[in-house]
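Structure record follows, encoded as structure tokens.
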Amino acid sequence: MPYFEVQLTRKLQRIYDVTANTLIGRAPQCEIQLLSRAVSRRHARIEFDGREAIISDLGTKNGIKLNGQQVQGAAIVRDGDVLLVGDIKMVYRTANRTASTPGEAEAIDLRVRAPGPQDVEAALQPQATFVLPAHPTSLNQFQSIVARARIGALEDFDDVTRFKLQIALKEALDNARVHGCGGDPRRPIYVHFGEDQDEFVMSVKDEGPGYDVDRVLGGATEVDALEAIRSRSPQAGPLGLRIILNCVDRLQCSPDGRAIFLGKFKAGGQLLVISDDDVDGVPQGGGDAAWADPAASPFVPPDDDESTEGPLQLGDLFS
């Protein structure tokens with residue numbers, strides 16, 4: 001199924017599925033609701049016949065731009081095209097990175113056994129999916145054996161980056177266990193690792209009721225992940241996203257709120273940076289966009305000499 005990536009903030013992305021008839025606008029009735037004063041209540045319509053997507057301007061003041069060109073009436077939208085709806089940028093994807101969530105058919109089942117060397121070997125492949133029980137002991141075993149080996153093998157990242165990827169995965173798994181599965185150890189959690197020349201991606205999916213993606217993403221702000229783990233201070237932010245945002249370059253949520261995708265760009269990757277506007281209390285992408293190297297804003301770890309507790313260890317994640 002095709003979808004749009006809408007940049008909510010510099011790191012947060014929202015995925016909106018495209019159906020046969022998808023309305024875009026500011027009104028709550030729109031399938032793709034964009035909270036910006038530059039967007040009309042009924043701004044545009046996407047029609048998809050299974051092969052081709054066509055966007056139509058519904059006679060709005062601010063109009064639509066497709067790859068920088070004003071749309072006159074209607075236009076065909078292709079994979080990778082960038083739309084400017086009012087002042088919100090949207091990227092159209094036909095079937096691409098993180099569009100699909102890991103499924104049971106291809107997953108390695110670790111619900112009835114502990115992970116072993118064969119699972120580590122499987123995780124080191126470009127794509128690997130595991131299904132785990134929502135039990136804290138099983139999740140800790142998976143992280144300390146399989147995830148640690150997979151993330152540790154990422155040669156494009158330094159030690160601090162790899163450590164923070166471990167933190168992000170732990171937060172996502174804890175969220176799936178507590179909120180998605182309601183603490184029921186019998187319910188499954190799916191974990192997927194994927195890597196290409198530009199990006200390393202982890203996804204976590206549960207089969208719970210999901211959550212209100214707009215509300216959760218709208219309230220998420222970034223905190224220093226290493227300091228948060230060091231101090232063990234409780235985080236008031238929703239679903240651990242405050243910590244996760246500090247650990248990855250790209251965070252996506254599925255429309256139903258059951259899956260989260262965490263992406264870290266390699267040195268050659270690119271990150272779409274869009275200014276953060278606060279419209280009606282909900283951050284949305286707006287203004288001019290620029291392609292930027294993620295290394296332009298490197299993370300500076302805390303000075304361990306200023307801490308009486310010493311540097312963090314990987315074991316701290318699983319205590």
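Residues in the structure tokens are named by chain (A, B, ... in the order shown) and by number from 1 within that chain; ligands are numbered from 1 in the order shown.
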
Q.
When DSSP is applied to the backbone of this structure, which of segment 28-217 of chain A are assigned strand (DSSP E)? Write them out as number ranges by chain.
A. A: 32-33, 44-48, 53-57, 64-66, 69-70, 74-77, 82-85, 88-93, 108-109, 127-133, 188-195, 199-206

Q) Leaving out Leu132 of chain A and any residue of its chain fewer than 6 positions from it, which residues lie within 9 Å of it when counting only C-alpha atoms, given as a PyMOL selection string? A) chain A and resi 108-112+138-139+142+187-191

Q | Two-atom distance - atom CA of Val91 of chain A, atom CA of Cys247 of chain A (Å) | A |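 Separation of atom CA of Val91 of chain A and atom CA of Cys247 of chain A: 23.4 Å.
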
(Q) So that I can see what lies close to Ala74 of chain A, please list as a PyMOL selection string the residues with an atom at most 8 Å from it, counting only C-alpha atoms and leaving out residues fewer than 5 positions away in the same chain. (A) chain A and resi 54-57

Q: Considering only C-alpha atoms, return as a count of residues only whatever protein or nucleic-acid residues lie within 8 Å of Gln143 of chain A, sequence-local ones (same chain, fewer than 5 positions apart) excluded.
A: 3

Q. Which value, in Å to one decimal, gives the distance between atom CA of Phe261 of chain A and atom CA of Asp159 of chain A?
A.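 According to the coordinates, atom CA of Phe261 of chain A and atom CA of Asp159 of chain A are separated by 21.4 Å.
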
Q.
Ranking A:Leu8, A:Leu66, A:Ala123, A:Leu23 by minimum distance to Ala107 of chain A and counting only C-alpha atoms, which one comes first?
A.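 Checking each candidate against Ala107 of chain A, we get A:Ala123 as the closest.
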
Q: Name the closest residue to Val85 of chain A among the candidates A:Val39, A:Val120, A:Ile260, A:Leu173; distances are taken between atoms, counting only C-alpha atoms.
A: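 Looking at the shortest contact to Val85 of chain A, the residue is A:Val39.
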
Q.
One decimal, in Å: what's the spacing between atom CA of Arg113 of chain A and atom CA of Leu165 of chain A?
A.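 Atom CA of Leu165 of chain A lies at a distance of 24.9 Å from atom CA of Arg113 of chain A.
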
Q | Counting only C-alpha atoms, the option among A:Ile46, A:Leu241, A:Val82, A:Ala147 closest to Lys65 of chain A | A |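 For Lys65 of chain A, the nearest of the candidates is A:Val82.
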
Closest atom pairs, residues of segment 74-147 of chain A within 7 Å of segment 194-208 of chain A, only C-alpha atoms, as JSON lines:
```
{"residue": "A:Pro126", "atom": "CA", "partner": "A:Glu195", "partner_atom": "CA", "distance": 5.2}
{"residue": "A:Gln127", "atom": "CA", "partner": "A:Gly194", "partner_atom": "CA", "distance": 4.6}
{"residue": "A:Ala128", "atom": "CA", "partner": "A:Gly194", "partner_atom": "CA", "distance": 6.7}
```

Q: Counting only C-alpha atoms, figure out which residue out of A:Ile244, A:Gly50, A:Asp158, A:Gln7 gets nearest to Asp174 of chain A.
A: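 Smallest separation from Asp174 of chain A among the options: A:Ile244.
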